[in-house]
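A short write-up of the structure that comes next.
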Amino acid sequence: MANEKAKGDYKHWVGAVPKIENWYKNFNFVLVESMEDLESIFKDKKDYYMAFDTETTGLDFEEIDLVGYSFCLDGKTAYYVPVYHFQYDGNLGEESVKFIYERMCEAKKVFMYNMRYDARIMEYYGYKENKADLDKRRWMYAKFDMSKVDYYDVSVPVWLADTNQKYPSLKWSSLHFLGIEQLHFDEVIENAGSFFYLNPSENEDTVFYAAADALCTFLLATSTVKYFTEAKHSAKFDNLMLYPLLHYENERIWLDGDVLKNLYIIATDRVDKMERDVYAMIGGQINLNSPVQVAQAFERLGIDTGERTSKGTMSVCIKILADLPKEYVEKFPALKSYINYKKTAKLISSYIKPLLKEYERRGYCRFAYKTTEVPTGRLACGKDGKNSFFSPINAQSLPKPHVKMEDVFDLGDRNLFSKKDNIIMGYKFVYSSYDEEGKHIIPDDPTYIGWVEGMDDDLNIRMAISPKMLEDSNDDEFLYSSFDYAAEELRIAANLSREPNWVDAFVHGDDIHKRTAVAIWGEEHYNRDYRKMAKYANFSILYGASSHSLYADSRYGFKSLQEAEDFYNKYKKALPTLFQWQDRLIYSARRKGMLQTFFGRPRRLRSYYENKQIGFANRSAGNTSVQGVAGDILKMVMIKLWKALFNNEEFKNDVAWRVAIHDEIGYTIRATKLMRILKIIKETQSVKLPEWPVEIITDPSVGWSMGRVYDFHMVEDDSELGYHFEPDLA
């Protein structure tokens, strides 16, 4: 309850300005009624700034039409241009769209609020006559190329003013920063059903509503620019990555219907069996989706999760259950079965059914990214219930099967890629199998490489993501590849803290977790179990874990709080520079009420400190200092990839964006161009700054679907290419 109160008492870093009554009397709102009037507005205009906003018939970019647009040039007068209103004689049509696009290209800067929406409208509009081509890859046929417009998304500085405020809307921002309360959409359309059916010459609210968006966008740009300047490189990344991102989002990600149908059968059968098992263990039938009924049943069995809801009942949410010690879960079979039931049911409801629905609807999916949600600046991904252009799926949480290579043999001569023979880059793969005693069975054919996975392959959701680039691509024409960063967060922390143990380990290619374990216990006492504990600690302590949280974490196996405290103190003593850096961060954050990352991203923490959420604020300072940099690296890479590959005439038909999941980027790559493109991606995604001793490195995984990829790393050789890729056996 205390946390809820503190959350409710949160104060935005920037105080809201007083609401201005009758604010509209200070501005002009003009309906443009002819091309001559439109042209006269720009007569002799040079070195001008422009705010721009569109009005449409809906949200799905493949279905909607442009109704009109508004613009503002001076923060005083805003104009509305009707393009295509129903049965309205004053529509200025496509000629007016072409005219404003040319003016946008000439402007010093064009302010937009959520530019991905307006830019996507401009690039899609007017191409219904090319629908056959658009259905293949629509964005390649953009009519108004918005890459030629020097845009500035005003939602970026508005959000940077306080990144704890999730996706601030234009209406909210206008009221908070300007004191302007705009009309809401429902107030304007009333019974019309759509902006399309409004007559702008008869309904003055039509012009007022639309033009006010452009006006407020212009005013917000000038009143919040200081937050953009303050955020330095981070703000530039946030803004520049938006144009590439809108094209990455446009890509159709093709689905394998047979895989999805099979997943649904397996998962639903499994859930039914798990449900019956839980009923048998608790001695009766209850509603397993009722937290109250489940809590009561667990209490009768002597189960206590240790957490209570606001109403005082025991909490049985999956997040709480997942954090319970392994030994405690094993003690109660009903608890274990219920957890497995909930996890499988979640897979069905969040992934299998939505993906199957998308496959049946159109054969592909699209992921929508949120750029102003996560306070650290990381991308988020998730449902957009209003817009059927995107799929209602959170790609960031797609379960990932863990794979590891082993038993490499002399492979001989092999083709680069053959789906039929399970060959990638000359290496042949097979599932690892084991005999009755659990010993690994080596395949008779010495050209095989076995592999071990860490999750149930029957429910590998990623198998449904096809590698093909276009609907009519040949089955073996494209491969799926993903690049993720090796220990990215630890490398960032090493660069920022200059912890000598970590820096030296990374520079010399040593095992960072072994090096940490040796620093704690000494070379003579080192073993694999100590390495495992050091690995857990490297990630958890980096984000503010205490001895109490280590004790509560069943992975460590501590039998007492004192044992956890002893380990914590040894760890701290082994890496003194790391902890000194963290202490400086926290001290600075408390003194200033905020923290800025290496690239300049601000995290506002004052309100949390004032509300006595000191532990959360301290952890946020450490978390943001690392994850904020990781988020900026991803955005910087997305910008570079657009130039190097996706908008490069040489490669744009051979590679396509698929997904970004935290520090992982997925691609579809034409098999015949695989080696060249892998090299370009590796060079583009790797980050080595002059002031950083440790490089942020990445290597590819390659396979026949998102759920069947194998790790490789690049090595130098004497061939024409000067390098080749080999399986990663680490």
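Residue numbers start at 1 in each chain; chains themselves are named A, B, ... in the order of the structure tokens; ligands are numbered from 1 in the order shown.
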Long-range neighbours of Asp205 in chain A as a short mmCIF file (atom, residue, chain, number, x, y, z; two decimals) with all heavy atoms, in the first residue's frame, 9 Å cut-off, only C-alpha atoms, 3 positions minimum in chain:
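In the end it all went to result00.cif:
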data_model
loop_
_atom_site.label_atom_id
_atom_site.label_comp_id
_atom_site.auth_asym_id
_atom_site.auth_seq_id
_atom_site.Cartn_x
_atom_site.Cartn_y
_atom_site.Cartn_z
N LEU A 183 -9.48 20.37 -27.67
CA LEU A 183 -10.68 19.57 -27.86
C LEU A 183 -10.30 18.10 -28.02
O LEU A 183 -9.25 17.78 -28.59
CB LEU A 183 -11.42 20.02 -29.12
CG LEU A 183 -12.37 21.21 -29.03
CD1 LEU A 183 -12.93 21.54 -30.41
CD2 LEU A 183 -13.50 20.94 -28.05
N GLU A 187 -15.38 14.84 -29.02
CA GLU A 187 -16.16 16.07 -28.96
C GLU A 187 -16.37 16.66 -30.35
O GLU A 187 -17.38 17.31 -30.62
CB GLU A 187 -15.46 17.11 -28.10
CG GLU A 187 -15.28 16.73 -26.63
CD GLU A 187 -14.51 17.79 -25.88
OE1 GLU A 187 -15.11 18.84 -25.56
OE2 GLU A 187 -13.31 17.59 -25.62
N VAL A 188 -15.43 16.41 -31.24
CA VAL A 188 -15.48 17.01 -32.58
C VAL A 188 -16.36 16.20 -33.52
O VAL A 188 -17.23 16.73 -34.21
CB VAL A 188 -14.05 17.13 -33.17
CG1 VAL A 188 -14.11 17.73 -34.58
CG2 VAL A 188 -13.19 17.98 -32.27
N ILE A 189 -16.15 14.89 -33.54
CA ILE A 189 -16.89 14.09 -34.53
C ILE A 189 -18.32 13.82 -34.10
O ILE A 189 -19.19 13.62 -34.94
CB ILE A 189 -16.17 12.76 -34.83
CG1 ILE A 189 -16.12 11.86 -33.59
CG2 ILE A 189 -14.78 13.00 -35.38
CD1 ILE A 189 -15.69 10.44 -33.91
N PRO A 200 -15.62 20.92 -43.24
CA PRO A 200 -14.80 21.93 -42.56
C PRO A 200 -15.30 23.36 -42.73
O PRO A 200 -14.96 24.23 -41.92
CB PRO A 200 -13.41 21.75 -43.19
CG PRO A 200 -13.66 21.05 -44.46
CD PRO A 200 -14.88 20.20 -44.27
N PHE A 208 -10.63 24.01 -36.12
CA PHE A 208 -10.02 24.32 -34.83
C PHE A 208 -9.30 23.11 -34.25
O PHE A 208 -8.15 23.21 -33.81
CB PHE A 208 -11.12 24.80 -33.88
CG PHE A 208 -10.65 25.04 -32.47
CD1 PHE A 208 -9.56 25.85 -32.20
CD2 PHE A 208 -11.30 24.43 -31.41
CE1 PHE A 208 -9.12 26.06 -30.90
CE2 PHE A 208 -10.87 24.63 -30.10
CZ PHE A 208 -9.78 25.45 -29.84
N TYR A 209 -9.96 21.94 -34.27
CA TYR A 209 -9.37 20.72 -33.72
C TYR A 209 -8.09 20.34 -34.46
O TYR A 209 -7.05 20.08 -33.85
CB TYR A 209 -10.38 19.58 -33.79
CG TYR A 209 -9.79 18.23 -33.46
CD1 TYR A 209 -9.67 17.79 -32.15
CD2 TYR A 209 -9.35 17.39 -34.48
CE1 TYR A 209 -9.11 16.56 -31.85
CE2 TYR A 209 -8.79 16.15 -34.19
CZ TYR A 209 -8.68 15.74 -32.88
OH TYR A 209 -8.12 14.52 -32.60
N ALA A 210 -8.17 20.29 -35.79
CA ALA A 210 -7.02 19.85 -36.58
C ALA A 210 -5.87 20.83 -36.50
O ALA A 210 -4.71 20.44 -36.29
CB ALA A 210 -7.45 19.64 -38.03
#
Please identify all polymer residues within 12 Å of Tyr167 in chain A, counting only C-alpha atoms, omitting same-chain residues fewer than 3 positions from it, and present them as a list of chain:residue names. A:Tyr113, A:Asn114, A:Val154, A:Ser155, A:Val156, A:Pro157, A:Val158, A:Trp159, A:Leu160, A:Ala161, A:Asp162, A:Thr163, A:Asn164, A:Leu170, A:Lys171, A:Trp172, A:Ser173, A:Tyr369, A:Lys370, A:Thr371, A:Thr372, A:Glu373, A:Val374, A:Pro375, A:Gly377, A:Leu379, A:Ala380
Create the file for the chosen residues now, containing C-alpha atoms and written as a compact mmCIF listing (two decimals), in the first residue's frame.
# COMPACT_ATOMS: atom_id res chain seq x y z
CA TYR A 113 4.38 14.78 -32.73
CA ASN A 114 4.81 11.02 -33.18
CA VAL A 154 8.51 16.82 -30.42
CA SER A 155 7.43 13.79 -28.38
CA VAL A 156 11.16 13.13 -27.83
CA PRO A 157 11.99 16.25 -25.73
CA VAL A 158 8.57 16.07 -24.04
CA TRP A 159 9.42 12.55 -22.86
CA LEU A 160 13.01 13.41 -22.01
CA ALA A 161 11.69 16.07 -19.63
CA ASP A 162 10.76 13.07 -17.45
CA THR A 163 11.14 9.56 -18.83
CA ASN A 164 9.09 8.16 -15.93
CA LEU A 170 0.01 15.57 -27.52
CA LYS A 171 -3.16 16.46 -25.60
CA TRP A 172 -1.53 15.73 -22.22
CA SER A 173 1.67 17.56 -23.17
CA TYR A 369 7.65 -0.65 -30.92
CA LYS A 370 7.21 1.92 -28.17
CA THR A 371 10.01 4.45 -27.95
CA THR A 372 8.77 6.53 -25.01
CA GLU A 373 7.81 3.91 -22.44
CA VAL A 374 10.85 2.42 -20.70
CA PRO A 375 12.51 5.04 -18.43
CA GLY A 377 15.43 4.44 -23.03
CA LEU A 379 12.63 -0.06 -26.72
CA ALA A 380 9.38 -1.66 -25.64
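Considering the residues A:Lys573, A:Arg366, A:His85, A:Lys43 and counting only C-alpha atoms, Asn394 in chain A has its shortest atom-to-atom contact with A:Arg366.
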Using only C-alpha atoms, which residues sit within 12 Å of Phe506 in chain A once same-chain residues fewer than 6 positions away are excluded, as a ChimeraX atom specification? /A:486-488,490-495,498-500,512-516,692-697
Where in range 226-437 of chain A does DSSP assign helix (DSSP H, G or I), given as an MDAnalysis selection string? chainID A and resid 226:230 232:240 242:250 257:282 291:300 318:322 326:331 333:362 395:397
Return the single residue from A:Thr597, A:Asn91, A:Thr684, A:Ser169 that is closest to Ala235 in chain A, with distances computed using only C-alpha atoms.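 Using only C-alpha atoms, the shortest distance to Ala235 in chain A belongs to A:Thr597.
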Report as JSON, numbers by chain all protein, DNA and RNA residues lying within 9 Å of Thr344 in chain A, evaluated on only C-alpha atoms, omitting residues in the same chain fewer than 3 positions from it. {"A": [267, 268, 270, 271, 339, 340, 341, 347, 348, 349, 459]}
Rounded to one decimal in Å, what is the spacing between CA of Asn199 in chain A and CA of Phe61 in chain A? 23.2 Å
Each residue of range 312-396 of chain A with at least one atom at most 8 Å from range 282-294 of chain A should appear once, together with its nearest atom pair and the corresponding distance in Å (one decimal); atoms considered: only C-alpha atoms; ordering: chain, then increasing residue number; output as CSV.
residue,atom,partner,partner_atom,distance
A:Thr313,CA,A:Val292,CA,7.2
A:Met314,CA,A:Val292,CA,8.0
A:Ser315,CA,A:Pro291,CA,7.4
A:Val316,CA,A:Pro291,CA,6.2
A:Cys317,CA,A:Pro291,CA,7.4
A:Ala334,CA,A:Ile282,CA,6.6
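Take the candidates A:Arg591, A:Ser147, A:Arg116, A:Leu92 and check each one against Met104 in chain A using only C-alpha atoms; the shortest distance goes to A:Ser147.
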Which residues are near range 221-223 of chain A? Cut-off 12 Å, only C-alpha atoms, ignore same chain within fewer than 5 positions. Put them as a PyMOL selection string. chain A and resi 14+17+49-52+72-75+109-113+151-158+161+170+173-174+176-179+214-216+228-229
For Lys535 in chain A, list every protein, DNA or RNA residue within 10 Å, evaluated using only C-alpha atoms, and leave out those in the same chain fewer than 2 positions away; present the list as a PyMOL selection string. chain A and resi 512-514+516-517+529-533+537-540
Selected residues, N, CA and C atoms, written as a PDB file, in the first residue's frame, please.
ATOM      1  N   ILE A 512      34.873 -13.832 -18.104  1.00  0.00           N
ATOM      2  CA  ILE A 512      34.625 -12.805 -17.094  1.00  0.00           C
ATOM      3  C   ILE A 512      34.116 -13.402 -15.785  1.00  0.00           C
ATOM      4  N   HIS A 513      33.316 -14.450 -15.865  1.00  0.00           N
ATOM      5  CA  HIS A 513      32.741 -15.035 -14.657  1.00  0.00           C
ATOM      6  C   HIS A 513      33.790 -15.859 -13.894  1.00  0.00           C
ATOM      7  N   LYS A 514      34.663 -16.536 -14.637  1.00  0.00           N
ATOM      8  CA  LYS A 514      35.756 -17.250 -13.978  1.00  0.00           C
ATOM      9  C   LYS A 514      36.700 -16.256 -13.313  1.00  0.00           C
ATOM     10  N   THR A 516      36.006 -13.343 -12.140  1.00  0.00           N
ATOM     11  CA  THR A 516      35.363 -12.824 -10.933  1.00  0.00           C
ATOM     12  C   THR A 516      35.436 -13.843  -9.802  1.00  0.00           C
ATOM     13  N   ALA A 517      35.178 -15.117 -10.132  1.00  0.00           N
ATOM     14  CA  ALA A 517      35.219 -16.171  -9.112  1.00  0.00           C
ATOM     15  C   ALA A 517      36.616 -16.299  -8.510  1.00  0.00           C
ATOM     16  N   ASP A 529      31.194 -24.468  -9.706  1.00  0.00           N
ATOM     17  CA  ASP A 529      30.091 -23.965  -8.883  1.00  0.00           C
ATOM     18  C   ASP A 529      30.339 -22.517  -8.472  1.00  0.00           C
ATOM     19  N   TYR A 530      31.606 -22.209  -8.133  1.00  0.00           N
ATOM     20  CA  TYR A 530      31.936 -20.829  -7.787  1.00  0.00           C
ATOM     21  C   TYR A 530      31.749 -19.908  -9.003  1.00  0.00           C
ATOM     22  N   ARG A 531      32.108 -20.417 -10.186  1.00  0.00           N
ATOM     23  CA  ARG A 531      31.911 -19.620 -11.396  1.00  0.00           C
ATOM     24  C   ARG A 531      30.428 -19.310 -11.593  1.00  0.00           C
ATOM     25  N   LYS A 532      29.590 -20.305 -11.344  1.00  0.00           N
ATOM     26  CA  LYS A 532      28.150 -20.124 -11.524  1.00  0.00           C
ATOM     27  C   LYS A 532      27.623 -19.057 -10.556  1.00  0.00           C
ATOM     28  N   MET A 533      28.081 -19.102  -9.312  1.00  0.00           N
ATOM     29  CA  MET A 533      27.658 -18.097  -8.338  1.00  0.00           C
ATOM     30  C   MET A 533      28.146 -16.701  -8.742  1.00  0.00           C
ATOM     31  N   ALA A 537      25.938 -13.320  -9.609  1.00  0.00           N
ATOM     32  CA  ALA A 537      26.218 -12.084  -8.871  1.00  0.00           C
ATOM     33  C   ALA A 537      26.605 -10.948  -9.807  1.00  0.00           C
ATOM     34  N   ASN A 538      27.377 -11.254 -10.867  1.00  0.00           N
ATOM     35  CA  ASN A 538      27.807 -10.212 -11.790  1.00  0.00           C
ATOM     36  C   ASN A 538      26.625  -9.425 -12.343  1.00  0.00           C
ATOM     37  N   PHE A 539      25.537 -10.126 -12.632  1.00  0.00           N
ATOM     38  CA  PHE A 539      24.370  -9.456 -13.201  1.00  0.00           C
ATOM     39  C   PHE A 539      23.467  -8.869 -12.124  1.00  0.00           C
ATOM     40  N   SER A 540      23.255  -9.612 -11.032  1.00  0.00           N
ATOM     41  CA  SER A 540      22.291  -9.138 -10.035  1.00  0.00           C
ATOM     42  C   SER A 540      22.835  -7.985  -9.188  1.00  0.00           C
TER      43      SER A 540
END
A:His662, A:Lys311, A:Arg604, A:Lys236 ranked by distance to Cys381 in chain A, top pick (using only C-alpha atoms):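 Counting only C-alpha atoms, the residue closest to Cys381 in chain A is A:His662.
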Shortest interatomic distance to Gly631 in chain A - which of A:Glu95, A:Glu489, A:Asp89, A:Asp717, counting only C-alpha atoms: A:Glu489
Give me the residues within 10 Å of Tyr197 in chain A as a PyMOL selection string, counting only C-alpha atoms and dropping any in the same chain fewer than 6 places off. chain A and resi 57+67+84-88+189+191
Those same residues - N, CA, C and O atoms - I'd like them written as a short mmCIF file (atom, residue, chain, number, x, y, z; two decimals), in the first residue's frame.
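Saved the output as selection30.cif:
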data_model
loop_
_atom_site.label_atom_id
_atom_site.label_comp_id
_atom_site.auth_asym_id
_atom_site.auth_seq_id
_atom_site.Cartn_x
_atom_site.Cartn_y
_atom_site.Cartn_z
N THR A 57 -8.76 8.73 -41.99
CA THR A 57 -10.03 8.01 -41.80
C THR A 57 -9.92 6.90 -40.78
O THR A 57 -10.91 6.23 -40.48
N VAL A 67 -7.35 12.53 -44.91
CA VAL A 67 -8.51 13.43 -44.99
C VAL A 67 -8.05 14.87 -45.14
O VAL A 67 -8.62 15.66 -45.90
N TYR A 84 -9.46 15.40 -48.58
CA TYR A 84 -10.48 14.48 -49.09
C TYR A 84 -11.56 14.27 -48.04
O TYR A 84 -11.59 13.25 -47.36
N HIS A 85 -12.45 15.24 -47.85
CA HIS A 85 -13.62 15.11 -46.99
C HIS A 85 -14.81 14.64 -47.82
O HIS A 85 -14.96 15.02 -48.99
N PHE A 86 -15.68 13.89 -47.24
CA PHE A 86 -16.84 13.33 -47.92
C PHE A 86 -17.78 14.44 -48.42
O PHE A 86 -18.21 15.30 -47.65
N GLN A 87 -18.08 14.39 -49.72
CA GLN A 87 -19.03 15.30 -50.35
C GLN A 87 -18.76 16.76 -49.99
O GLN A 87 -19.67 17.55 -49.73
N TYR A 88 -17.47 17.12 -49.98
CA TYR A 88 -17.09 18.51 -49.72
C TYR A 88 -16.44 19.07 -50.98
O TYR A 88 -15.49 18.48 -51.53
N ILE A 189 -16.15 14.89 -33.54
CA ILE A 189 -16.89 14.09 -34.53
C ILE A 189 -18.32 13.82 -34.10
O ILE A 189 -19.19 13.62 -34.94
N ASN A 191 -21.61 12.60 -33.75
CA ASN A 191 -22.33 11.49 -34.40
C ASN A 191 -21.83 11.23 -35.82
O ASN A 191 -22.38 10.37 -36.52
#
